[in-house]
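Heads up, the thing below is written out as structure tokens.
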Amino acid sequence: MSDTDGKKPLGLGGSRPSNVKQSFSHGRTKNVVVETKRKRVVVPKPGTPAPKTGVAAGLPAGGDPSKRPAGISDVELARRMKALALAKSREVEEAAKRDSEEKVRAEERERRRADIEAKEAEDREREERAKAKSEEEDAKRRAVEDAKNAPAAVIDAPPGVTEVDRPTSSAPRKATERDREAQTRDTTKPSRQDDARRGGKLTLNDALTGREGGRQRSMAQMKRKQDRARQKAMGGQVEREKVVRDVQLPEAITVGELANRMAERTSDVVKELMKMGMMVTQTETIDADTAELLIEGFGHKVVRVSDSDVEQVIDLVEDKTSDLKPRAPIITIMGHVDHGKTSLLDAIRKTRVVAGEAGGITQHIGAYQVVTDKGQTLSFLDTPGHAAFTSMRSRGAQVTDIVVLVVAADDAVMPQTIEAINHAKAAKVPMIVAINKMDKPSANPDKVRTDLLQHEVIVEKMSGDVQDVEVSAATGMGLDNLLEAIALQAEILELRANPDRAASGAVIEAQLDVGRGPVATVLVQNGTLRQGDIFVVGEQWGKVRALIDDKGDRVKEAGPSVPVEVLGLNGTPEAGDVLNVVDTEAQAREIADYRMKAAKDKRAAIGAATTLEQLMANAKANQSVSELPIVVKADVQGSAEAIVQAMEKIGNDEVRVRVLHSGVGAITETDIGLAEASGAPVIGFNVRANATARNVANQKGVEIRYYSVIYALVDDIKSAASGLLSNEIREKFIGYANIKEVFKVSNVGNVAGCLVTEGVARRSAGVRLLRDNVVIHEGTLKTLKRFKDEVSEVQSGQECGMAFENYEDIRPGDVIEIFERESVERSL
């Protein structure tokens, strides 16, 4: 029996039972009886007042209260009827409002159309009048000509009618016919022409009801249509002529860039390339020949340009004289090391720069601005004096206006002084001689002036044109005179520049700062460098992120003759590179990429220029040359360059120093890896190795040497290279012996009976046999006897017996030369 046999399911009366099958895991199921309740109908209780009928209850006419929904009270029914009436009245009002708005819009459209048609009719009438006038003039001209040629034809014409009058009578009739045709054409236009023009905004109701919901023509489209119709009426060409462009085409170009230069859609260009069998995207690069086919296919002209044309955007433009304004002079202080250049600048700046220099000598080019007591601004460059910094001094001379040559009064002219004079002459800049250290008792300024005469520097006291000032950096003596001399020289030069143009300047120094990235010290020469400017410098480019002056303060801009540190480069430039501001980032990147590629090609060309025979010859020559490989890291680009140049000068035919790598910044793990592979030490100049590099160096046994003075670095490398030199073998003559007799001894061979005539004869020494002062044999002694005893040495004046090792040809009268060899260490 089932559970439901003879039983009804529990539940409220009037429910509809139904079975639902539930499924569970492992194949189990269960039937459940579910009841569905019916909607409850509420019937009013007997005795309640009957609801109002008709209009009083808010029912529509003919409404039947008995047919209202069940459960609705009279109040609720009245409220619903009232809301329904309000909705209907609002709908009627909105419909009336829409009709009025539609009428207004229709009137506006009609007014606009009437204005346009009136304007067109006026244009047509004007054209007809012009045409009729030209026809009338032609007819008059023809009539005059006919009257001259055939006067009888005019007499035969009817009275009152001439050839001149006939065209004028037909002109108004033609115009009337055309107006009639235009009116007929306007009346036969479809009705949707009214909607072709935009008439006000599209409202929500219009969109919902379907009116004004179609695609509307824009005002520009309507204007273009009218222009085309007007051109057609005037007999002009309707189709717009294609604009033919001159497309500049480099050796390689991307598809997107080519489309931009042709002003064509990129998709069309890609489609054409696909037709040519090339499946490319807009970012891919195509060669110049393919691009030329495309350009000609699109109807444009090809202008071939080379890669070097990218640099034309930074061509120097001559400034107008009216744009030039006075600028501060740039003064470079040059001279021999330790002659007091930086101390003199300290005294002028009233600072203590020299105290911070390693070993008291300048290792970098410093750039400073000084304002004199009279309010004149001077820009100073301080260059190193050591012989290794030749290139840095020459850079200082290239960007300067005046050279101040510092010569110590107690030391006179020295090698670097001569070098500085040559740099100043090569740069063709005026020179001022500052004779420093006048406070010392041994100071002799006249000797300095006399020594300068040898190098064609004639000072004013020697009746020359070069100013000379006696100064003392220690006491401040003569500094005012020096500044006056500089101001006078600057006034004579009349230095001017245009600050209102794109900036250009020279990189004095460059370094890689750990916190700030690549930093370049730039001396602005023209224009004004501002924060946010995009520039290219050598093989690098960037955007000016910050400008820092010589006092360490941030500035917004730097004008001509102002030295600033520039932040925002993508790499460390070479010292001496020229900075130029360009318009766009794309231009800067393109120029930098071109320069980098050109430099790489140049290096590759130098390497490829050697033939196989040259390579073999170099390999043979290098077999006998010992190399000392080193890796150099310095704090700034100029120091690294100076160290590399100094290293190249160390060595001779047997030994040389080879710089595997030079760079700017801290010593890294990569530098240690390179040094380990080549067995080279790492030289750090004013830099240190990071923690990882130190650990790797300790593990792999790579030597790291730190220096802060270039003297010590050069001396250490020179002594290390000297250790690779083979020792020099020197001969020292210790005695001579004459052979008196030759004896034949069994088991020994020929033995010479000798008399030691000079010095001493030793068993361990080397001997040469001389016959008539010609060397016959060189070797060693087999035996040295005094009487019958073997001895180690025999003194001068004594007799002895000598036998040579592996040599028997000895004769009386020969001379034996006795010598010793000693090894002597060599140095570079």
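Labeling convention for the structure tokens: chains A, B, ... as they appear, residues from 1 per chain, ligands from 1 in order of appearance.
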
Near A:Val582, within 8 Å and counting only C-alpha atoms, which residues show up once chain neighbours fewer than 2 positions away are dropped, as a PDB file with N, CA, C and O atoms, in the first residue's frame?
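Done, and the output landed in part24.pdb:
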```pdb
ATOM      1  N   VAL A 313      66.609  69.373 -38.840  1.00  0.00           N
ATOM      2  CA  VAL A 313      65.718  70.120 -37.945  1.00  0.00           C
ATOM      3  C   VAL A 313      66.506  70.940 -36.937  1.00  0.00           C
ATOM      4  O   VAL A 313      65.977  71.869 -36.337  1.00  0.00           O
ATOM      5  N   ILE A 314      67.792  70.607 -36.733  1.00  0.00           N
ATOM      6  CA  ILE A 314      68.585  71.364 -35.765  1.00  0.00           C
ATOM      7  C   ILE A 314      69.648  72.203 -36.465  1.00  0.00           C
ATOM      8  O   ILE A 314      70.659  72.547 -35.869  1.00  0.00           O
ATOM      9  N   ALA A 502      65.247  78.447 -29.647  1.00  0.00           N
ATOM     10  CA  ALA A 502      65.504  77.113 -29.092  1.00  0.00           C
ATOM     11  C   ALA A 502      66.948  77.046 -28.598  1.00  0.00           C
ATOM     12  O   ALA A 502      67.873  77.495 -29.279  1.00  0.00           O
ATOM     13  N   ASP A 533      61.641  71.142 -21.856  1.00  0.00           N
ATOM     14  CA  ASP A 533      62.145  71.143 -23.240  1.00  0.00           C
ATOM     15  C   ASP A 533      62.616  69.749 -23.634  1.00  0.00           C
ATOM     16  O   ASP A 533      63.207  69.024 -22.822  1.00  0.00           O
ATOM     17  N   ILE A 534      62.372  69.373 -24.888  1.00  0.00           N
ATOM     18  CA  ILE A 534      62.856  68.095 -25.433  1.00  0.00           C
ATOM     19  C   ILE A 534      64.143  68.393 -26.201  1.00  0.00           C
ATOM     20  O   ILE A 534      64.175  69.322 -27.010  1.00  0.00           O
ATOM     21  N   PHE A 535      65.196  67.624 -25.941  1.00  0.00           N
ATOM     22  CA  PHE A 535      66.496  67.937 -26.529  1.00  0.00           C
ATOM     23  C   PHE A 535      67.187  66.660 -26.976  1.00  0.00           C
ATOM     24  O   PHE A 535      66.816  65.546 -26.582  1.00  0.00           O
ATOM     25  N   VAL A 536      68.190  66.844 -27.816  1.00  0.00           N
ATOM     26  CA  VAL A 536      69.059  65.749 -28.253  1.00  0.00           C
ATOM     27  C   VAL A 536      70.491  66.203 -28.018  1.00  0.00           C
ATOM     28  O   VAL A 536      70.847  67.344 -28.307  1.00  0.00           O
ATOM     29  N   ASN A 580      70.984  70.318 -28.309  1.00  0.00           N
ATOM     30  CA  ASN A 580      70.067  71.107 -29.132  1.00  0.00           C
ATOM     31  C   ASN A 580      68.639  70.774 -28.746  1.00  0.00           C
ATOM     32  O   ASN A 580      68.286  69.597 -28.610  1.00  0.00           O
ATOM     33  N   THR A 584      59.734  67.915 -31.102  1.00  0.00           N
ATOM     34  CA  THR A 584      58.968  66.760 -30.639  1.00  0.00           C
ATOM     35  C   THR A 584      59.897  65.666 -30.141  1.00  0.00           C
ATOM     36  O   THR A 584      61.081  65.617 -30.484  1.00  0.00           O
ATOM     37  N   GLU A 585      59.319  64.792 -29.342  1.00  0.00           N
ATOM     38  CA  GLU A 585      60.054  63.647 -28.815  1.00  0.00           C
ATOM     39  C   GLU A 585      60.447  62.694 -29.940  1.00  0.00           C
ATOM     40  O   GLU A 585      61.516  62.088 -29.917  1.00  0.00           O
ATOM     41  N   GLN A 587      61.213  63.467 -33.039  1.00  0.00           N
ATOM     42  CA  GLN A 587      62.400  64.009 -33.709  1.00  0.00           C
ATOM     43  C   GLN A 587      63.665  63.711 -32.915  1.00  0.00           C
ATOM     44  O   GLN A 587      64.676  63.281 -33.467  1.00  0.00           O
ATOM     45  N   ALA A 588      63.597  63.935 -31.605  1.00  0.00           N
ATOM     46  CA  ALA A 588      64.778  63.707 -30.763  1.00  0.00           C
ATOM     47  C   ALA A 588      65.205  62.246 -30.813  1.00  0.00           C
ATOM     48  O   ALA A 588      66.392  61.933 -30.964  1.00  0.00           O
TER      49      ALA A 588
END
```

- prompt: Could you pull the residues within 7 Å of A:Ile333, counting only C-alpha atoms, minus those fewer than 3 positions along the same chain, as a list in words?
  reply: Lys341, Leu381, Asp382, Thr383, Val403, Val404, Leu405 and Val406 of chain A

Keeping only N, CA and C atoms, write the selected residues as a PDB file, in the first residue's frame.
```pdb
ATOM      1  N   LYS A 341      94.894  77.638  -9.714  1.00  0.00           N
ATOM      2  CA  LYS A 341      93.715  78.020 -10.525  1.00  0.00           C
ATOM      3  C   LYS A 341      92.454  78.000  -9.666  1.00  0.00           C
ATOM      4  N   LEU A 381      84.820  78.775 -15.918  1.00  0.00           N
ATOM      5  CA  LEU A 381      85.071  77.339 -16.049  1.00  0.00           C
ATOM      6  C   LEU A 381      86.453  77.066 -15.467  1.00  0.00           C
ATOM      7  N   ASP A 382      86.525  76.086 -14.547  1.00  0.00           N
ATOM      8  CA  ASP A 382      87.800  75.720 -13.932  1.00  0.00           C
ATOM      9  C   ASP A 382      88.228  74.374 -14.501  1.00  0.00           C
ATOM     10  N   THR A 383      89.382  74.322 -15.187  1.00  0.00           N
ATOM     11  CA  THR A 383      89.813  73.080 -15.830  1.00  0.00           C
ATOM     12  C   THR A 383      90.954  72.452 -15.050  1.00  0.00           C
ATOM     13  N   VAL A 403      90.308  83.415 -21.961  1.00  0.00           N
ATOM     14  CA  VAL A 403      91.123  82.456 -21.198  1.00  0.00           C
ATOM     15  C   VAL A 403      91.963  83.232 -20.200  1.00  0.00           C
ATOM     16  N   VAL A 404      91.857  82.853 -18.919  1.00  0.00           N
ATOM     17  CA  VAL A 404      92.735  83.401 -17.885  1.00  0.00           C
ATOM     18  C   VAL A 404      93.820  82.358 -17.637  1.00  0.00           C
ATOM     19  N   LEU A 405      95.057  82.690 -18.028  1.00  0.00           N
ATOM     20  CA  LEU A 405      96.184  81.771 -17.889  1.00  0.00           C
ATOM     21  C   LEU A 405      96.860  82.054 -16.549  1.00  0.00           C
ATOM     22  N   VAL A 406      96.736  81.083 -15.635  1.00  0.00           N
ATOM     23  CA  VAL A 406      97.318  81.233 -14.298  1.00  0.00           C
ATOM     24  C   VAL A 406      98.721  80.647 -14.305  1.00  0.00           C
TER      25      VAL A 406
END
```

- prompt: So which residues touch A:Ala328 within 7 Å, counting only C-alpha atoms, skipping near sequence neighbours fewer than 5 positions away, as a list in words?
  reply: Thr377, Leu378, Ser379 and Ser561 of chain A

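If you look at atom CA of A:Ala87 and atom CA of A:Val104, they are 25.4 Å away from each other.
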